[in-house]
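S.K.: Contents of query-v1.txt (compact mmCIF, N, CA and C atoms) are given next:
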# COMPACT_ATOMS: atom_id res chain seq x y z
N MET A 103 -25.79 -10.88 -0.06
CA MET A 103 -25.22 -12.19 0.16
C MET A 103 -24.32 -12.13 1.39
N THR A 104 -24.54 -13.00 2.31
CA THR A 104 -23.75 -13.04 3.54
C THR A 104 -22.86 -14.27 3.54
N THR A 105 -21.59 -14.04 3.77
CA THR A 105 -20.63 -15.14 3.89
C THR A 105 -19.90 -15.01 5.20
N SER A 106 -19.08 -16.00 5.49
CA SER A 106 -18.33 -15.97 6.75
C SER A 106 -17.26 -14.89 6.76
N THR A 107 -16.90 -14.35 5.58
CA THR A 107 -15.86 -13.32 5.53
C THR A 107 -16.42 -11.92 5.72
N THR A 108 -17.74 -11.77 5.84
CA THR A 108 -18.32 -10.44 6.00
C THR A 108 -18.67 -10.13 7.45
N THR A 109 -18.07 -10.83 8.39
CA THR A 109 -18.32 -10.55 9.80
C THR A 109 -17.73 -9.20 10.16
N SER A 110 -18.13 -8.70 11.30
CA SER A 110 -17.66 -7.41 11.77
C SER A 110 -16.14 -7.44 11.97
N LEU A 111 -15.48 -6.42 11.46
CA LEU A 111 -14.03 -6.33 11.59
C LEU A 111 -13.64 -5.81 12.96
N PRO A 112 -12.57 -6.35 13.54
CA PRO A 112 -12.03 -5.74 14.76
C PRO A 112 -11.56 -4.31 14.46
N ARG A 113 -11.52 -3.48 15.48
CA ARG A 113 -11.18 -2.06 15.31
C ARG A 113 -9.83 -1.87 14.63
N ASN A 114 -8.79 -2.57 15.08
CA ASN A 114 -7.47 -2.41 14.48
C ASN A 114 -7.43 -2.88 13.04
N VAL A 115 -8.18 -3.91 12.71
CA VAL A 115 -8.22 -4.40 11.33
C VAL A 115 -8.95 -3.39 10.45
N TYR A 116 -10.00 -2.78 10.97
CA TYR A 116 -10.72 -1.74 10.22
C TYR A 116 -9.77 -0.59 9.89
N TRP A 117 -9.02 -0.12 10.88
CA TRP A 117 -8.09 1.00 10.64
C TRP A 117 -6.91 0.59 9.77
N PHE A 118 -6.49 -0.67 9.87
CA PHE A 118 -5.48 -1.20 8.95
C PHE A 118 -5.96 -1.04 7.51
N GLU A 119 -7.19 -1.45 7.25
CA GLU A 119 -7.74 -1.37 5.90
C GLU A 119 -7.88 0.08 5.44
N VAL A 120 -8.39 0.93 6.31
CA VAL A 120 -8.58 2.35 5.96
C VAL A 120 -7.24 3.01 5.65
N LEU A 121 -6.25 2.80 6.50
CA LEU A 121 -4.95 3.45 6.30
C LEU A 121 -4.25 2.94 5.04
N LEU A 122 -4.31 1.62 4.79
CA LEU A 122 -3.64 1.11 3.59
C LEU A 122 -4.35 1.54 2.31
N LEU A 123 -5.67 1.59 2.32
CA LEU A 123 -6.38 2.05 1.12
C LEU A 123 -6.15 3.54 0.89
N THR A 124 -6.04 4.32 1.96
CA THR A 124 -5.69 5.74 1.83
C THR A 124 -4.29 5.89 1.25
N SER A 125 -3.37 5.06 1.71
CA SER A 125 -2.02 5.07 1.17
C SER A 125 -2.02 4.75 -0.33
N LEU A 126 -2.83 3.79 -0.73
CA LEU A 126 -2.90 3.43 -2.15
C LEU A 126 -3.55 4.54 -2.97
N MET A 127 -4.48 5.29 -2.38
CA MET A 127 -5.04 6.45 -3.09
C MET A 127 -3.96 7.51 -3.30
N LEU A 128 -3.12 7.72 -2.30
CA LEU A 128 -2.00 8.65 -2.47
C LEU A 128 -1.04 8.16 -3.55
N ASP A 129 -0.83 6.85 -3.62
CA ASP A 129 0.02 6.30 -4.67
C ASP A 129 -0.58 6.55 -6.05
N CYS A 130 -1.89 6.47 -6.16
CA CYS A 130 -2.56 6.79 -7.44
C CYS A 130 -2.28 8.24 -7.84
N ILE A 131 -2.38 9.14 -6.88
CA ILE A 131 -2.10 10.55 -7.16
C ILE A 131 -0.64 10.73 -7.56
N SER A 132 0.24 10.05 -6.87
CA SER A 132 1.67 10.14 -7.17
C SER A 132 1.97 9.66 -8.59
N VAL A 133 1.37 8.54 -8.98
CA VAL A 133 1.60 8.01 -10.32
C VAL A 133 1.01 8.93 -11.37
N ALA A 134 -0.16 9.48 -11.09
CA ALA A 134 -0.83 10.34 -12.07
C ALA A 134 -0.03 11.60 -12.37
N PHE A 135 0.64 12.16 -11.38
CA PHE A 135 1.35 13.41 -11.57
C PHE A 135 2.87 13.24 -11.70
N GLN A 136 3.33 12.01 -11.77
CA GLN A 136 4.77 11.77 -11.88
C GLN A 136 5.28 12.21 -13.24
N ASP A 137 6.39 12.92 -13.25
CA ASP A 137 7.00 13.38 -14.49
C ASP A 137 8.04 12.36 -14.91
N ARG A 138 7.71 11.54 -15.89
CA ARG A 138 8.62 10.49 -16.33
C ARG A 138 9.65 10.98 -17.33
N THR A 139 9.54 12.22 -17.81
CA THR A 139 10.52 12.73 -18.77
C THR A 139 11.84 13.06 -18.10
N VAL A 140 11.83 13.18 -16.77
CA VAL A 140 13.07 13.47 -16.05
C VAL A 140 14.03 12.28 -16.15
N ILE A 141 13.48 11.07 -16.15
CA ILE A 141 14.30 9.87 -16.21
C ILE A 141 15.03 9.79 -17.55
N GLU A 142 14.28 9.93 -18.60
CA GLU A 142 14.84 9.84 -19.96
C GLU A 142 14.07 10.82 -20.82
N PRO A 143 14.70 11.92 -21.25
CA PRO A 143 13.98 12.96 -21.98
C PRO A 143 13.32 12.48 -23.28
N ASN A 144 13.91 11.52 -23.95
CA ASN A 144 13.35 11.08 -25.23
C ASN A 144 12.56 9.77 -25.09
N MET A 145 11.97 9.55 -23.93
CA MET A 145 11.16 8.35 -23.69
C MET A 145 9.87 8.46 -24.52
N SER A 146 9.54 7.38 -25.22
CA SER A 146 8.36 7.42 -26.08
C SER A 146 7.08 7.37 -25.25
N ALA A 147 5.99 7.77 -25.88
CA ALA A 147 4.70 7.78 -25.20
C ALA A 147 4.27 6.36 -24.84
N GLY A 148 4.63 5.38 -25.66
CA GLY A 148 4.29 3.99 -25.37
C GLY A 148 4.95 3.48 -24.11
N VAL A 149 6.19 3.86 -23.90
CA VAL A 149 6.91 3.43 -22.69
C VAL A 149 6.29 4.08 -21.46
N VAL A 150 5.93 5.35 -21.56
CA VAL A 150 5.28 6.04 -20.43
C VAL A 150 3.93 5.39 -20.14
N ALA A 151 3.18 5.06 -21.18
CA ALA A 151 1.88 4.40 -20.99
C ALA A 151 2.05 3.03 -20.35
N ALA A 152 3.06 2.29 -20.77
CA ALA A 152 3.31 0.97 -20.18
C ALA A 152 3.69 1.09 -18.71
N ALA A 153 4.52 2.07 -18.37
CA ALA A 153 4.91 2.29 -16.97
C ALA A 153 3.69 2.66 -16.12
N ASN A 154 2.83 3.52 -16.64
CA ASN A 154 1.61 3.90 -15.91
C ASN A 154 0.68 2.71 -15.75
N THR A 155 0.56 1.89 -16.77
CA THR A 155 -0.31 0.71 -16.70
C THR A 155 0.22 -0.29 -15.68
N MET A 156 1.53 -0.49 -15.66
CA MET A 156 2.12 -1.41 -14.67
C MET A 156 1.91 -0.87 -13.26
N ALA A 157 2.07 0.42 -13.06
CA ALA A 157 1.86 1.02 -11.74
C ALA A 157 0.40 0.86 -11.32
N ALA A 158 -0.53 1.08 -12.24
CA ALA A 158 -1.95 0.92 -11.92
C ALA A 158 -2.27 -0.54 -11.58
N GLY A 159 -1.68 -1.47 -12.32
CA GLY A 159 -1.89 -2.89 -12.03
C GLY A 159 -1.37 -3.27 -10.66
N LEU A 160 -0.22 -2.73 -10.29
CA LEU A 160 0.35 -3.01 -8.97
C LEU A 160 -0.55 -2.45 -7.87
N ILE A 161 -1.10 -1.27 -8.08
CA ILE A 161 -1.99 -0.67 -7.08
C ILE A 161 -3.25 -1.52 -6.92
N VAL A 162 -3.78 -2.03 -8.03
CA VAL A 162 -4.96 -2.90 -7.96
C VAL A 162 -4.62 -4.19 -7.21
N LEU A 163 -3.47 -4.77 -7.50
CA LEU A 163 -3.03 -5.99 -6.81
C LEU A 163 -2.88 -5.74 -5.31
N LEU A 164 -2.27 -4.65 -4.94
CA LEU A 164 -2.09 -4.33 -3.52
C LEU A 164 -3.44 -4.08 -2.84
N SER A 165 -4.39 -3.48 -3.55
CA SER A 165 -5.73 -3.28 -3.00
C SER A 165 -6.39 -4.63 -2.73
N TYR A 166 -6.21 -5.56 -3.63
CA TYR A 166 -6.76 -6.91 -3.44
C TYR A 166 -6.11 -7.59 -2.24
N LEU A 167 -4.80 -7.41 -2.08
CA LEU A 167 -4.12 -7.99 -0.92
C LEU A 167 -4.63 -7.39 0.39
N VAL A 168 -4.93 -6.10 0.39
CA VAL A 168 -5.51 -5.48 1.58
C VAL A 168 -6.86 -6.11 1.88
N TRP A 169 -7.68 -6.33 0.86
CA TRP A 169 -8.97 -6.97 1.07
C TRP A 169 -8.80 -8.40 1.59
N LEU A 170 -7.86 -9.14 0.99
CA LEU A 170 -7.62 -10.51 1.45
C LEU A 170 -7.20 -10.54 2.92
N ALA A 171 -6.34 -9.61 3.30
CA ALA A 171 -5.87 -9.59 4.68
C ALA A 171 -7.00 -9.18 5.64
N ALA A 172 -7.74 -8.15 5.29
CA ALA A 172 -8.74 -7.62 6.21
C ALA A 172 -10.01 -8.47 6.26
N HIS A 173 -10.49 -8.91 5.11
CA HIS A 173 -11.80 -9.58 5.08
C HIS A 173 -11.70 -11.10 4.99
N ALA A 174 -10.71 -11.59 4.24
CA ALA A 174 -10.56 -13.05 4.13
C ALA A 174 -9.61 -13.59 5.19
N ARG A 175 -9.05 -12.69 6.00
CA ARG A 175 -8.21 -13.06 7.16
C ARG A 175 -6.95 -13.83 6.76
N LYS A 176 -6.34 -13.47 5.64
CA LYS A 176 -5.16 -14.16 5.14
C LYS A 176 -3.89 -13.51 5.70
N ASN A 177 -3.17 -14.27 6.51
CA ASN A 177 -1.93 -13.76 7.11
C ASN A 177 -0.85 -13.58 6.05
N TRP A 178 -0.81 -14.46 5.04
CA TRP A 178 0.22 -14.35 4.00
C TRP A 178 0.06 -13.05 3.22
N ALA A 179 -1.17 -12.57 3.03
CA ALA A 179 -1.38 -11.30 2.33
C ALA A 179 -0.82 -10.14 3.15
N ARG A 180 -1.00 -10.20 4.46
CA ARG A 180 -0.44 -9.18 5.35
C ARG A 180 1.08 -9.21 5.30
N ALA A 181 1.66 -10.43 5.21
CA ALA A 181 3.12 -10.55 5.12
C ALA A 181 3.64 -9.97 3.80
N VAL A 182 2.91 -10.18 2.71
CA VAL A 182 3.30 -9.62 1.42
C VAL A 182 3.23 -8.09 1.47
N LEU A 183 2.21 -7.55 2.11
CA LEU A 183 2.10 -6.10 2.26
C LEU A 183 3.23 -5.54 3.11
N THR A 184 3.63 -6.28 4.12
CA THR A 184 4.76 -5.85 4.95
C THR A 184 6.06 -5.84 4.14
N ALA A 185 6.27 -6.87 3.34
CA ALA A 185 7.46 -6.92 2.48
C ALA A 185 7.43 -5.79 1.46
N SER A 186 6.26 -5.48 0.94
CA SER A 186 6.12 -4.37 0.00
C SER A 186 6.50 -3.04 0.65
N LEU A 187 6.11 -2.86 1.91
CA LEU A 187 6.50 -1.64 2.63
C LEU A 187 8.01 -1.56 2.78
N VAL A 188 8.64 -2.68 3.11
CA VAL A 188 10.11 -2.69 3.27
C VAL A 188 10.77 -2.27 1.96
N PHE A 189 10.31 -2.84 0.83
CA PHE A 189 10.88 -2.47 -0.47
C PHE A 189 10.63 -1.00 -0.79
N SER A 190 9.47 -0.48 -0.43
CA SER A 190 9.14 0.93 -0.69
C SER A 190 10.04 1.85 0.12
N VAL A 191 10.27 1.50 1.38
CA VAL A 191 11.12 2.35 2.23
C VAL A 191 12.55 2.34 1.73
N VAL A 192 13.06 1.17 1.33
CA VAL A 192 14.43 1.10 0.79
C VAL A 192 14.54 1.92 -0.49
N SER A 193 13.56 1.79 -1.38
CA SER A 193 13.56 2.55 -2.62
C SER A 193 13.48 4.06 -2.35
N LEU A 194 12.62 4.44 -1.43
CA LEU A 194 12.49 5.85 -1.08
C LEU A 194 13.78 6.39 -0.47
N ALA A 195 14.43 5.60 0.36
CA ALA A 195 15.71 6.03 0.96
C ALA A 195 16.77 6.23 -0.11
N GLN A 196 16.80 5.37 -1.12
CA GLN A 196 17.76 5.52 -2.21
C GLN A 196 17.49 6.78 -3.02
N ILE A 197 16.22 7.05 -3.28
CA ILE A 197 15.87 8.26 -4.03
C ILE A 197 16.23 9.51 -3.25
N VAL A 198 15.93 9.53 -1.96
CA VAL A 198 16.27 10.68 -1.12
C VAL A 198 17.79 10.83 -1.03
N GLY A 199 18.51 9.72 -0.96
CA GLY A 199 19.96 9.78 -0.91
C GLY A 199 20.56 10.33 -2.19
N ASP A 200 19.96 10.02 -3.32
CA ASP A 200 20.48 10.48 -4.60
C ASP A 200 20.14 11.94 -4.90
N SER A 201 18.88 12.31 -4.70
CA SER A 201 18.46 13.64 -5.14
C SER A 201 17.91 14.53 -4.03
N GLY A 202 17.90 14.04 -2.81
CA GLY A 202 17.37 14.83 -1.70
C GLY A 202 15.86 14.79 -1.69
N ILE A 203 15.29 15.45 -0.71
CA ILE A 203 13.83 15.48 -0.59
C ILE A 203 13.29 16.57 -1.51
N GLU A 204 12.54 16.13 -2.51
CA GLU A 204 11.91 17.06 -3.44
C GLU A 204 10.42 17.15 -3.12
N ALA A 205 9.76 18.11 -3.72
CA ALA A 205 8.34 18.34 -3.42
C ALA A 205 7.49 17.11 -3.73
N GLY A 206 7.76 16.41 -4.81
CA GLY A 206 6.96 15.26 -5.20
C GLY A 206 7.12 14.06 -4.29
N LEU A 207 8.19 14.03 -3.52
CA LEU A 207 8.43 12.88 -2.64
C LEU A 207 7.60 12.92 -1.37
N TRP A 208 7.03 14.06 -1.04
CA TRP A 208 6.25 14.15 0.19
C TRP A 208 5.02 13.24 0.14
N ILE A 209 4.45 13.07 -1.05
CA ILE A 209 3.31 12.16 -1.19
C ILE A 209 3.76 10.73 -0.91
N ASP A 210 4.91 10.35 -1.44
CA ASP A 210 5.43 9.00 -1.23
C ASP A 210 5.80 8.76 0.23
N ILE A 211 6.36 9.78 0.87
CA ILE A 211 6.70 9.67 2.29
C ILE A 211 5.43 9.50 3.12
N ALA A 212 4.41 10.29 2.82
CA ALA A 212 3.13 10.17 3.54
C ALA A 212 2.51 8.80 3.31
N SER A 213 2.63 8.28 2.09
CA SER A 213 2.10 6.95 1.78
C SER A 213 2.80 5.87 2.60
N CYS A 214 4.11 5.96 2.71
CA CYS A 214 4.86 4.99 3.52
C CYS A 214 4.49 5.09 4.99
N ILE A 215 4.29 6.30 5.50
CA ILE A 215 3.92 6.48 6.90
C ILE A 215 2.54 5.88 7.17
N LEU A 216 1.59 6.12 6.26
CA LEU A 216 0.25 5.55 6.43
C LEU A 216 0.29 4.02 6.38
N THR A 217 1.08 3.48 5.46
CA THR A 217 1.20 2.02 5.36
C THR A 217 1.82 1.45 6.62
N ALA A 218 2.88 2.08 7.11
CA ALA A 218 3.53 1.60 8.34
C ALA A 218 2.56 1.63 9.51
N ALA A 219 1.79 2.70 9.64
CA ALA A 219 0.82 2.79 10.74
C ALA A 219 -0.25 1.71 10.62
N GLY A 220 -0.74 1.50 9.41
CA GLY A 220 -1.75 0.47 9.20
C GLY A 220 -1.23 -0.92 9.49
N LEU A 221 -0.02 -1.20 9.04
CA LEU A 221 0.56 -2.52 9.31
C LEU A 221 0.84 -2.71 10.79
N TYR A 222 1.28 -1.65 11.46
CA TYR A 222 1.47 -1.74 12.91
C TYR A 222 0.17 -2.15 13.60
N LEU A 223 -0.93 -1.51 13.19
CA LEU A 223 -2.22 -1.83 13.79
C LEU A 223 -2.64 -3.27 13.50
N SER A 224 -2.22 -3.80 12.35
CA SER A 224 -2.61 -5.17 12.00
C SER A 224 -1.88 -6.22 12.83
N TYR A 225 -0.81 -5.81 13.49
CA TYR A 225 -0.04 -6.75 14.31
C TYR A 225 -0.30 -6.55 15.81
N THR A 226 -1.14 -5.59 16.18
CA THR A 226 -1.34 -5.28 17.59
C THR A 226 -2.82 -5.30 17.96
N GLY A 227 -3.07 -5.25 19.25
CA GLY A 227 -4.43 -5.12 19.78
C GLY A 227 -5.35 -6.26 19.37
N ASP A 228 -6.58 -5.88 19.02
CA ASP A 228 -7.59 -6.89 18.71
C ASP A 228 -7.39 -7.53 17.33
N ALA A 229 -6.36 -7.13 16.61
CA ALA A 229 -6.07 -7.74 15.30
C ALA A 229 -5.21 -9.00 15.42
N ARG A 230 -4.62 -9.24 16.58
CA ARG A 230 -3.70 -10.37 16.73
C ARG A 230 -4.31 -11.71 16.34
N GLY A 231 -5.50 -11.99 16.78
CA GLY A 231 -6.12 -13.27 16.49
C GLY A 231 -6.92 -13.31 15.20
N TRP A 232 -6.97 -12.21 14.46
CA TRP A 232 -7.82 -12.11 13.28
C TRP A 232 -7.27 -12.88 12.09
N PHE A 233 -5.97 -12.80 11.87
CA PHE A 233 -5.35 -13.38 10.68
C PHE A 233 -5.03 -14.84 10.94
N THR A 234 -5.57 -15.71 10.09
CA THR A 234 -5.49 -17.14 10.36
C THR A 234 -4.62 -17.92 9.40
N ALA A 235 -4.69 -17.63 8.11
CA ALA A 235 -3.97 -18.47 7.14
C ALA A 235 -3.18 -17.64 6.18
What's the structure tokens form of this structure?
M.R.:
Amino acid sequence: MTTSTTTSLPRNVYWFEVLLLTSLMLDCISVAFQDRTVIEPNMSAGVVAAANTMAAGLIVLLSYLVWLAAHARKNWARAVLTASLVFSVVSLAQIVGDSGIEAGLWIDIASCILTAAGLYLSYTGDARGWFTA
């Protein structure tokens, strides 16, 4: 099925999509191996499952926003992804300020760097005229 949203992507938009989806894959790995018992040692299994489910839902939502921005050309989706990066960087800075850089944070730092690079590409070069609404 061919629609108007399946046209060839500009180079910067293609790399925007690749970098953000790679970042979200790293987030999946981070969530999967996160030790939630450090936060509260007597946290029940139901609370841990709910936290993992919410994290998975957020990753799916962000993946959909990446698709909306890259293929449906929605500028508001790109703006939401940019705001999400700002919140992630602030949160990461607070965690680093509290406990320093730990081994598990390197995945989150790499994820933020990939997201920042992808978003930079979405605002430059041949991507400028791509996002319409």
S.K.: Measuring between all atoms listed in the file, which one of A:Leu126, A:Ala157, A:Leu121, A:Leu111 shows the shortest distance to Leu221 (chain A)?
M.R.: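 Ranking A:Leu126, A:Ala157, A:Leu121, A:Leu111 by distance to Leu221 (chain A), first place goes to A:Leu121.
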S.K.: Which of these residues is nearest to Asn114 (chain A), using only C-alpha atoms: A:Leu160, A:Val192, A:Ala172, A:Leu167?
M.R.: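 Selected residue with least distance to Asn114 (chain A): A:Ala172.
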S.K.: Can you sort out the box for region 176-193 of chain A, edges along x, y and z, all listed atoms in, 4 Å on every side, with centre and edge lengths in Å to one decimal, as AutoDock Vina command-line options?
M.R.:
--center_x 4.1 --center_y -5.2 --center_z 2.2 --size_x 28.9 --size_y 26.5 --size_z 17.7
S.K.: Among region 107-226 of chain A, which ones does DSSP assign to helix (DSSP H, G or I) (computed from the backbone)? Answer as a count of residues only.
M.R.: 97
S.K.: Using all atoms listed in the file, which residues sit within 8 Å of region 164-166 of chain A once same-chain residues fewer than 6 positions away are excluded, as number ranges by chain?
M.R.: A: 122-123, 126, 158, 172, 179, 183
S.K.: How far is it from CA of Trp169 (chain A) to CA of Ile211 (chain A), in Å with one decimal?
M.R.: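 Separating CA of Trp169 (chain A) from CA of Ile211 (chain A) is a distance of 22.9 Å.
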S.K.: Which value, in Å to one decimal, gives the distance between atom C of Ile161 (chain A) and atom N of Glu119 (chain A)?
M.R.: 14.7 Å
S.K.: Between A:Ala171, A:Ala181, A:Ile203, A:Ala195, which one has atoms that come closest to Phe118 (chain A), using only C-alpha atoms?
M.R.: A:Ala171
S.K.: Please compute the atom C of Gly231 (chain A)-atom C of Ala174 (chain A) distance, one decimal, in Å.
M.R.: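 Computing it gives 10.4 Å between the two atoms.
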S.K.: Could you check which residues have any atom within 8 Å of (-2.2, -4.9, 10.8), counting only N, CA and C atoms with coordinates taken straight from the file, and then list them as a ChimeraX atom specification?
M.R.: /A:114-115,117-119,180,219-226,229-230
S.K.: Excluding same-chain residues fewer than 6 positions from Ser213 (chain A), what lies within 7 Å of it counting only N, CA and C atoms, as a VMD selection string?
M.R.: chain A and resid 124 to 126 128 to 129
S.K.: Counting only N, CA and C atoms, which of A:Gln136, A:Thr155, A:Ser110, A:Asn177 gets nearest to Phe233 (chain A)?
M.R.: A:Asn177
